[in-house]
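Shown below: protein.cif, with mmCIF, C-alpha atoms.
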data_work
#
loop_
_atom_site.label_atom_id
_atom_site.label_comp_id
_atom_site.auth_asym_id
_atom_site.auth_seq_id
_atom_site.Cartn_x
_atom_site.Cartn_y
_atom_site.Cartn_z
CA MET A 1 186.32 117.23 -86.62
CA ILE A 2 188.49 120.23 -87.45
CA GLU A 3 192.29 120.25 -87.59
CA ILE A 4 193.74 123.64 -86.68
CA ASP A 5 197.54 123.77 -86.91
CA GLY A 6 198.17 120.53 -85.06
CA GLY A 7 195.19 120.66 -82.71
CA THR A 8 191.97 118.72 -83.19
CA THR A 9 188.73 120.52 -82.35
CA LEU A 10 185.20 119.12 -82.45
CA ALA A 11 182.37 121.46 -83.43
CA TYR A 12 178.65 121.00 -82.84
CA GLY A 13 175.96 123.12 -84.44
CA HIS A 14 175.71 125.36 -87.48
CA TYR A 15 175.45 128.82 -85.94
CA GLY A 16 174.88 130.56 -82.62
CA ARG A 17 176.98 132.12 -79.91
CA PRO A 18 180.39 130.40 -79.87
CA VAL A 19 181.22 128.40 -76.74
CA LEU A 20 184.68 126.93 -76.13
CA ALA A 21 184.65 123.89 -73.85
CA PHE A 22 187.94 122.97 -72.19
CA PRO A 23 188.32 119.32 -71.14
CA SER A 24 188.94 118.18 -67.59
CA GLU A 25 192.46 117.28 -66.45
CA ASN A 26 194.30 115.28 -69.13
CA GLY A 27 190.97 114.85 -70.89
CA GLN A 28 190.24 114.07 -74.51
CA VAL A 29 188.68 116.38 -77.07
CA SER A 30 185.80 113.88 -77.33
CA ASP A 31 184.99 113.84 -73.59
CA TRP A 32 182.11 116.31 -73.79
CA GLU A 33 180.39 114.18 -76.41
CA GLU A 34 181.12 110.84 -74.77
CA ARG A 35 180.07 112.04 -71.30
CA GLY A 36 176.74 113.46 -72.46
CA MET A 37 177.55 117.16 -72.22
CA VAL A 38 176.77 117.74 -75.90
CA ASP A 39 173.44 115.94 -75.55
CA ALA A 40 172.64 118.11 -72.52
CA LEU A 41 172.94 121.15 -74.80
CA ALA A 42 171.16 119.60 -77.77
CA GLY A 43 168.26 122.06 -77.61
CA LEU A 44 170.52 125.11 -77.60
CA ILE A 45 172.74 123.68 -80.34
CA GLY A 46 169.89 122.51 -82.55
CA GLY A 47 168.01 125.75 -82.01
CA GLY A 48 170.92 127.84 -83.27
CA ARG A 49 171.54 129.56 -79.95
CA VAL A 50 175.06 128.21 -79.49
CA LYS A 51 177.78 126.57 -81.52
CA LEU A 52 179.96 124.40 -79.31
CA PHE A 53 183.68 123.92 -79.88
CA CYS A 54 185.35 121.21 -77.81
CA VAL A 55 189.08 121.84 -77.61
CA PRO A 56 192.01 119.50 -76.92
CA SER A 57 193.97 119.35 -73.68
CA PHE A 58 197.70 120.00 -73.30
CA ASP A 59 197.77 119.24 -69.57
CA SER A 60 199.78 116.03 -69.93
CA GLU A 61 202.64 118.04 -71.45
CA SER A 62 202.32 120.95 -69.04
CA TRP A 63 200.48 121.11 -65.72
CA THR A 64 200.46 117.38 -64.95
CA ARG A 65 204.06 116.64 -65.93
CA GLY A 66 205.07 115.48 -62.49
CA ASP A 67 208.73 115.16 -63.47
CA LEU A 68 209.02 118.91 -64.10
CA PRO A 69 209.07 121.85 -61.68
CA LEU A 70 205.90 123.91 -61.66
CA GLU A 71 207.51 126.89 -63.40
CA GLU A 72 208.53 124.76 -66.40
CA ARG A 73 205.01 123.31 -66.57
CA ALA A 74 203.64 126.85 -66.64
CA ARG A 75 206.03 127.78 -69.45
CA ARG A 76 204.82 124.77 -71.42
CA HIS A 77 201.24 125.86 -70.81
CA GLY A 78 202.25 129.06 -72.60
CA HIS A 79 202.50 127.06 -75.84
CA TYR A 80 198.90 125.92 -75.39
CA GLU A 81 197.78 129.47 -74.62
CA TRP A 82 199.51 130.67 -77.79
CA TRP A 83 197.72 128.04 -79.87
CA VAL A 84 194.32 128.88 -78.37
CA LEU A 85 194.72 132.63 -78.84
CA SER A 86 196.54 132.80 -82.18
CA ARG A 87 195.12 129.80 -83.99
CA LEU A 88 191.88 128.52 -82.45
CA VAL A 89 190.21 131.82 -81.52
CA PRO A 90 190.65 133.46 -84.96
CA PHE A 91 189.18 130.35 -86.58
CA VAL A 92 186.15 130.38 -84.28
CA GLN A 93 185.67 134.13 -84.74
CA ALA A 94 185.66 133.77 -88.53
CA ASP A 95 183.37 130.75 -88.39
CA SER A 96 180.85 132.34 -86.05
CA HIS A 97 181.15 135.97 -87.19
CA SER A 98 181.59 136.91 -83.55
CA HIS A 99 184.51 138.53 -81.76
CA GLU A 100 183.56 137.34 -78.28
CA LEU A 101 183.45 133.72 -77.09
CA ILE A 102 182.14 132.01 -73.96
CA ALA A 103 184.69 129.84 -72.14
CA THR A 104 183.56 126.88 -70.08
CA GLY A 105 184.92 123.73 -68.49
CA CYS A 106 184.59 121.36 -65.57
CA SER A 107 187.23 120.31 -63.04
CA PHE A 108 190.59 121.45 -64.45
CA GLY A 109 188.75 122.74 -67.50
CA ALA A 110 187.09 125.27 -65.17
CA TYR A 111 190.54 126.60 -64.30
CA HIS A 112 191.33 127.06 -67.99
CA ALA A 113 188.03 128.85 -68.60
CA ALA A 114 188.57 131.24 -65.69
CA ASN A 115 192.21 131.88 -66.60
CA PHE A 116 191.45 132.72 -70.23
CA CYS A 117 188.55 134.95 -69.18
CA LEU A 118 190.62 136.93 -66.70
CA LYS A 119 193.69 137.24 -68.94
CA ARG A 120 191.78 137.93 -72.17
CA ALA A 121 188.39 139.29 -71.22
CA ASP A 122 188.35 141.12 -74.55
CA LEU A 123 187.92 137.70 -76.18
CA PHE A 124 186.28 135.72 -73.36
CA PRO A 125 184.02 138.10 -71.41
CA LEU A 126 182.11 135.20 -69.84
CA ALA A 127 183.40 132.04 -68.19
CA ILE A 128 181.19 129.24 -66.87
CA CYS A 129 183.34 127.29 -64.44
CA MET A 130 182.17 124.02 -62.86
CA SER A 131 183.93 122.36 -59.92
CA GLY A 132 187.26 124.08 -60.51
CA VAL A 133 190.43 124.56 -58.49
CA TYR A 134 191.79 128.03 -59.18
CA ASP A 135 195.21 127.77 -57.50
CA VAL A 136 197.67 125.87 -59.72
CA SER A 137 200.22 125.67 -56.92
CA VAL A 138 198.43 122.48 -55.85
CA GLN A 139 199.78 120.84 -59.01
CA GLY A 140 203.32 120.60 -57.66
CA GLY A 141 206.33 122.26 -56.11
CA GLY A 142 209.69 123.51 -57.20
CA GLU A 143 210.59 126.87 -58.69
CA ARG A 144 207.76 129.38 -58.99
CA GLY A 145 208.33 132.46 -61.11
CA GLU A 146 206.46 134.71 -63.50
CA ALA A 147 205.08 131.90 -65.64
CA VAL A 148 203.29 130.36 -62.66
CA TYR A 149 202.24 133.72 -61.24
CA PHE A 150 200.59 134.96 -64.44
CA ASN A 151 198.70 131.69 -64.88
CA ASN A 152 197.54 131.34 -61.28
CA PRO A 153 194.29 133.26 -60.76
CA MET A 154 194.55 133.16 -56.97
CA ASP A 155 197.90 134.91 -57.27
CA TYR A 156 197.42 137.54 -59.94
CA VAL A 157 193.83 138.49 -59.11
CA ALA A 158 194.93 139.30 -55.56
CA HIS A 159 197.31 141.94 -56.93
CA LEU A 160 195.09 143.50 -59.60
CA HIS A 161 194.69 147.26 -59.23
CA GLY A 162 194.35 150.54 -61.10
CA ASP A 163 193.10 151.00 -64.63
CA HIS A 164 193.35 147.34 -65.61
CA LEU A 165 191.23 146.25 -62.66
CA ASP A 166 188.69 148.95 -63.50
CA TRP A 167 188.55 147.69 -67.09
CA LEU A 168 188.22 144.08 -65.96
CA ARG A 169 185.35 144.98 -63.65
CA GLY A 170 183.42 146.22 -66.66
CA GLN A 171 184.44 143.48 -69.06
CA ALA A 172 184.66 140.10 -67.32
CA SER A 173 181.97 137.96 -65.74
CA LEU A 174 182.59 134.58 -64.12
CA LEU A 175 180.02 132.01 -63.06
CA LEU A 176 181.45 129.63 -60.44
CA VAL A 177 179.39 126.48 -59.97
CA CYS A 178 180.17 123.62 -57.59
CA GLY A 179 178.33 120.80 -55.89
CA GLN A 180 178.76 119.98 -52.22
CA GLY A 181 178.60 116.21 -52.58
CA GLN A 182 181.11 113.40 -53.00
CA TRP A 183 184.60 114.33 -54.21
CA GLU A 184 183.97 118.07 -54.27
CA ASP A 185 185.79 118.28 -50.93
CA THR A 186 188.57 115.75 -51.57
CA THR A 187 189.45 117.34 -54.93
CA GLY A 188 189.61 120.74 -53.26
CA ALA A 189 187.04 122.13 -55.69
CA LEU A 190 184.47 123.26 -53.13
CA ASP A 191 186.94 125.12 -50.93
CA SER A 192 188.74 126.63 -53.92
CA THR A 193 185.48 127.77 -55.51
CA ARG A 194 184.44 129.52 -52.30
CA ARG A 195 187.83 131.18 -51.84
CA PHE A 196 188.01 132.28 -55.47
CA ALA A 197 184.53 133.79 -55.31
CA ALA A 198 185.51 135.68 -52.17
CA LEU A 199 188.63 137.03 -53.90
CA LEU A 200 186.66 138.15 -56.94
CA GLY A 201 184.22 139.85 -54.59
CA GLU A 202 187.03 141.68 -52.80
CA LYS A 203 188.25 142.99 -56.14
CA GLY A 204 184.80 143.95 -57.36
CA ILE A 205 184.99 141.62 -60.38
CA ARG A 206 181.55 140.55 -61.58
CA HIS A 207 180.85 136.96 -60.62
CA GLU A 208 178.15 134.60 -59.44
CA LEU A 209 178.64 131.74 -56.96
CA ASP A 210 176.19 128.86 -57.34
CA LEU A 211 176.65 126.01 -54.87
CA TRP A 212 174.51 122.94 -55.52
CA GLY A 213 173.38 120.45 -52.89
CA HIS A 214 175.19 117.88 -50.76
CA ASP A 215 173.84 115.20 -53.10
CA VAL A 216 175.66 116.71 -56.10
CA PRO A 217 179.08 115.05 -56.62
CA HIS A 218 182.19 116.03 -58.58
CA ASP A 219 181.14 114.04 -61.63
CA TRP A 220 179.77 114.28 -65.15
CA PRO A 221 176.05 113.89 -64.33
CA SER A 222 176.33 116.99 -62.13
CA TRP A 223 178.11 118.98 -64.81
CA ARG A 224 175.54 117.96 -67.44
CA ASN A 225 172.76 119.40 -65.29
CA GLN A 226 174.74 122.51 -64.41
CA ILE A 227 175.78 123.49 -67.94
CA ALA A 228 172.25 122.86 -69.28
CA HIS A 229 170.73 124.97 -66.50
CA HIS A 230 173.08 127.94 -66.78
CA LEU A 231 173.86 128.19 -70.49
CA GLU A 232 170.13 128.27 -71.24
CA ARG A 233 169.78 131.54 -69.32
CA LEU A 234 173.00 133.16 -70.55
CA VAL A 235 172.60 132.94 -74.33
#

Here is a file; write its structure as C-alpha cells.
Amino acid sequence: MIEIDGGTTLAYGHYGRPVLAFPSENGQVSDWEERGMVDALAGLIGGGRVKLFCVPSFDSESWTRGDLPLEERARRHGHYEWWVLSRLVPFVQADSHSHELIATGCSFGAYHAANFCLKRADLFPLAICMSGVYDVSVQGGGERGEAVYFNNPMDYVAHLHGDHLDWLRGQASLLLVCGQGQWEDTTGALDSTRRFAALLGEKGIRHELDLWGHDVPHDWPSWRNQIAHHLERLV
C-alpha cells in the first residue's frame, strides 16, 4: 500500500511495464485484488513483465454525485485528473523508470482508461477498456459546458481535427473489449462500445474492437479472462 498525497494506491510486482488499473464505478482500490484480477495476471506480474498499480476512485465525489448537475461533477473530476497526472503518474514513472504507462479498467474504469489515453496519449499511449460506456452524459442532466465536453470522449473525439488528430493517430491505441451476455446490454456497455469503436474508426484513431460471446456477462469473471488474454499479448 502506497500513500501518494492523500490517495491510496496498491502496487503488485517488483518491475515490468507499468499498468494503471482504474476501478469500476464507485469502486475500491482493493477491488482488483478482491475480485481476482491480480491473480489473473499473476504470471505477468511474477515474471517481471508488468507492475500493476491499482488506483482509487473519486466517482462518488464527482460523476455519481446525483445531487449535482453534470457540469459540476465534471469539474470535480478535474481534481481527480490533477491528482493522477501531477502526483500519481510521476511516482509511477520514477518507480518503474518508464515514461509511458498502460491504462486499463472495466465498466466505468474503462471510461477513465480511454479518457486518460485520449487526453494524455503522451503518458498513456495504450488503453485496455473492458465493458465501458464512453458517453458521460448518461450519468445525469443539467448544465453541460466545457468541463463535460472535454471529459466526454463521444463529444470531443467527434470534433478532433488537424495537427492534434494527426498526432493522436500516431500516438494512441485503444483496445475496446465487451461481452454480449447478461447486463452488457442493460448497462449500455455493448452499444456504447460499438458506437465508440465506430467513431474512432471514422477519425482514423488506432483501435481494436473485441466482442466476446453471448455467454460472456458484464461481470468480474469475464474481465478476469479478458485482461489475462489481452495483456499477455501486449507486453

Env of A:Val55: 12 Å cut, atoms = all atoms listed in the file, seq-sep filter 4 positions within chain, self excluded. Answer as a PyMOL selection string. chain A and resi 1-4+6-12+19-24+26-33+80-81+83-84+87-89+92+103-105+109+112-113

Just say which residues the PyMOL selection byres ((chain A and resi 158-165) around 9) picks in this file, as a PyMOL selection string. chain A and resi 153-157+166-170+199-200+202-205

Could you tell me, as a PyMOL selection string, exactly which residues end up selected when the PyMOL selection byres ((chain A and resi 226-231) around 8) is applied to this structure? chain A and resi 37+40-41+128+130+177+222-225+232-235

Target residues per the PyMOL selection byres ((chain A and resi 171-174) around 8), formatted as a ChimeraX atom specification: /A:114,117-118,121-122,124-129,167-170,175-176,205-208

Writer output for current selection, C-alpha atoms, as a PDB file, in the coordinates of the input:
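And here's out.pdb as it stands now:
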ATOM      1  CA  ALA A 114     188.570 131.240 -65.690  1.00  0.00           C
ATOM      2  CA  CYS A 117     188.550 134.950 -69.180  1.00  0.00           C
ATOM      3  CA  LEU A 118     190.620 136.930 -66.700  1.00  0.00           C
ATOM      4  CA  ALA A 121     188.390 139.290 -71.220  1.00  0.00           C
ATOM      5  CA  ASP A 122     188.350 141.120 -74.550  1.00  0.00           C
ATOM      6  CA  PHE A 124     186.280 135.720 -73.360  1.00  0.00           C
ATOM      7  CA  PRO A 125     184.020 138.100 -71.410  1.00  0.00           C
ATOM      8  CA  LEU A 126     182.110 135.200 -69.840  1.00  0.00           C
ATOM      9  CA  ALA A 127     183.400 132.040 -68.190  1.00  0.00           C
ATOM     10  CA  ILE A 128     181.190 129.240 -66.870  1.00  0.00           C
ATOM     11  CA  CYS A 129     183.340 127.290 -64.440  1.00  0.00           C
ATOM     12  CA  TRP A 167     188.550 147.690 -67.090  1.00  0.00           C
ATOM     13  CA  LEU A 168     188.220 144.080 -65.960  1.00  0.00           C
ATOM     14  CA  ARG A 169     185.350 144.980 -63.650  1.00  0.00           C
ATOM     15  CA  GLY A 170     183.420 146.220 -66.660  1.00  0.00           C
ATOM     16  CA  LEU A 175     180.020 132.010 -63.060  1.00  0.00           C
ATOM     17  CA  LEU A 176     181.450 129.630 -60.440  1.00  0.00           C
ATOM     18  CA  ILE A 205     184.990 141.620 -60.380  1.00  0.00           C
ATOM     19  CA  ARG A 206     181.550 140.550 -61.580  1.00  0.00           C
ATOM     20  CA  HIS A 207     180.850 136.960 -60.620  1.00  0.00           C
ATOM     21  CA  GLU A 208     178.150 134.600 -59.440  1.00  0.00           C
TER      22      GLU A 208
END

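Proximity to A:His99 was assessed for A:Leu123, A:Arg49, A:Tyr111, A:Ser137 counting all atoms listed in the file; the smallest distance is recorded for A:Leu123.
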
May I ask for the distance between atom CA of A:Ser96 and atom CA of A:Gly16, given in Å to one decimal place? 7.1 Å

What does the distance between atom CA of A:Phe150 and atom CA of A:Arg65 come to in Å, to one decimal place?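 Answer for the atom CA of A:Phe150 to atom CA of A:Arg65 separation: 18.7 Å.
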
A:Val148 proximity check over A:Gly213, A:Gly78, A:Gly181, A:Pro90, using only C-alpha atoms: winner is A:Gly78

Give, as AutoDock Vina command-line options, the centre coordinates and the x, y and z edge lengths in Å to one decimal for an axis-aligned box around all listed atoms of stretch 208-215 of chain A, padded by 4 Å on each side.
--center_x 176.0 --center_y 124.9 --center_z -55.1 --size_x 13.3 --size_y 27.4 --size_z 16.7

In Å and to one decimal, atom CA of A:Glu71 is distant from atom CA of A:Gln139 by 10.8 Å

A:Arg17, A:Arg195, A:His79, A:Arg35: which is nearest A:Glu100, counting all atoms listed in the file? A:Arg17

Contacts of A:Trp63 at 9 Å or less, counting only C-alpha atoms, minus same-chain residues fewer than 6 places along, as number ranges by chain? A: 25, 70, 72-74, 76-77, 136, 139-140

Smallest atom-to-atom distance to A:Leu211: which of A:Val138, A:Leu68, A:Leu85, A:Ala197, using only C-alpha atoms? A:Ala197

Is it possible to add all heavy atoms to stretch 110-121 of chain A and hand it back as a compact mmCIF listing (two decimals), keeping the file's coordinate frame?
# COMPACT_ATOMS: atom_id res chain seq x y z
N ALA A 110 187.62 124.04 -65.77
CA ALA A 110 187.09 125.27 -65.17
C ALA A 110 188.22 126.25 -64.91
O ALA A 110 188.06 127.46 -65.09
CB ALA A 110 186.36 124.94 -63.88
N TYR A 111 189.38 125.73 -64.47
CA TYR A 111 190.54 126.60 -64.30
C TYR A 111 190.90 127.27 -65.62
O TYR A 111 191.14 128.49 -65.67
CB TYR A 111 191.74 125.80 -63.77
CG TYR A 111 193.05 126.42 -64.17
CD1 TYR A 111 193.53 127.57 -63.53
CD2 TYR A 111 193.80 125.90 -65.24
CE1 TYR A 111 194.71 128.18 -63.95
CE2 TYR A 111 194.98 126.48 -65.64
CZ TYR A 111 195.43 127.63 -64.99
OH TYR A 111 196.59 128.24 -65.41
N HIS A 112 190.98 126.49 -66.69
CA HIS A 112 191.33 127.06 -67.99
C HIS A 112 190.33 128.14 -68.40
O HIS A 112 190.73 129.22 -68.88
CB HIS A 112 191.38 125.96 -69.05
CG HIS A 112 192.58 125.08 -68.96
ND1 HIS A 112 193.87 125.55 -69.08
CD2 HIS A 112 192.69 123.74 -68.79
CE1 HIS A 112 194.72 124.55 -68.98
NE2 HIS A 112 194.03 123.44 -68.79
N ALA A 113 189.05 127.86 -68.21
CA ALA A 113 188.03 128.85 -68.60
C ALA A 113 188.20 130.15 -67.82
O ALA A 113 188.17 131.24 -68.40
CB ALA A 113 186.63 128.26 -68.37
N ALA A 114 188.41 130.04 -66.52
CA ALA A 114 188.57 131.24 -65.69
C ALA A 114 189.85 131.98 -66.07
O ALA A 114 189.86 133.23 -66.15
CB ALA A 114 188.61 130.85 -64.21
N ASN A 115 190.92 131.26 -66.29
CA ASN A 115 192.21 131.88 -66.60
C ASN A 115 192.17 132.63 -67.93
O ASN A 115 192.64 133.77 -68.02
CB ASN A 115 193.30 130.81 -66.63
CG ASN A 115 194.70 131.39 -66.58
OD1 ASN A 115 194.98 132.36 -65.86
ND2 ASN A 115 195.61 130.80 -67.34
N PHE A 116 191.57 132.03 -68.94
CA PHE A 116 191.45 132.72 -70.23
C PHE A 116 190.53 133.93 -70.12
O PHE A 116 190.80 134.98 -70.72
CB PHE A 116 190.95 131.76 -71.31
CG PHE A 116 192.05 130.96 -71.96
CD1 PHE A 116 192.25 129.63 -71.63
CD2 PHE A 116 192.89 131.54 -72.89
CE1 PHE A 116 193.26 128.89 -72.22
CE2 PHE A 116 193.92 130.81 -73.49
CZ PHE A 116 194.10 129.48 -73.15
N CYS A 117 189.46 133.82 -69.35
CA CYS A 117 188.55 134.95 -69.18
C CYS A 117 189.27 136.12 -68.51
O CYS A 117 189.18 137.26 -68.97
CB CYS A 117 187.35 134.52 -68.36
SG CYS A 117 186.22 135.86 -67.90
N LEU A 118 189.99 135.86 -67.45
CA LEU A 118 190.62 136.93 -66.70
C LEU A 118 191.80 137.55 -67.43
O LEU A 118 192.08 138.74 -67.31
CB LEU A 118 191.06 136.40 -65.33
CG LEU A 118 189.90 136.11 -64.36
CD1 LEU A 118 190.39 135.26 -63.20
CD2 LEU A 118 189.28 137.41 -63.87
N LYS A 119 192.52 136.73 -68.20
CA LYS A 119 193.69 137.24 -68.94
C LYS A 119 193.30 137.89 -70.26
O LYS A 119 193.97 138.81 -70.72
CB LYS A 119 194.70 136.11 -69.18
CG LYS A 119 195.35 135.60 -67.90
CD LYS A 119 196.30 134.46 -68.18
CE LYS A 119 197.57 134.94 -68.89
NZ LYS A 119 198.57 133.84 -69.04
N ARG A 120 192.20 137.40 -70.87
CA ARG A 120 191.78 137.93 -72.17
C ARG A 120 190.27 138.14 -72.18
O ARG A 120 189.54 137.52 -72.96
CB ARG A 120 192.22 136.99 -73.30
CG ARG A 120 193.71 136.94 -73.53
CD ARG A 120 194.32 138.33 -73.85
NE ARG A 120 193.66 138.98 -74.96
CZ ARG A 120 194.07 138.88 -76.23
NH1 ARG A 120 195.14 138.15 -76.52
NH2 ARG A 120 193.44 139.53 -77.19
N ALA A 121 189.83 139.01 -71.30
CA ALA A 121 188.39 139.29 -71.22
C ALA A 121 187.88 139.99 -72.47
O ALA A 121 186.66 140.04 -72.70
CB ALA A 121 188.09 140.13 -69.98
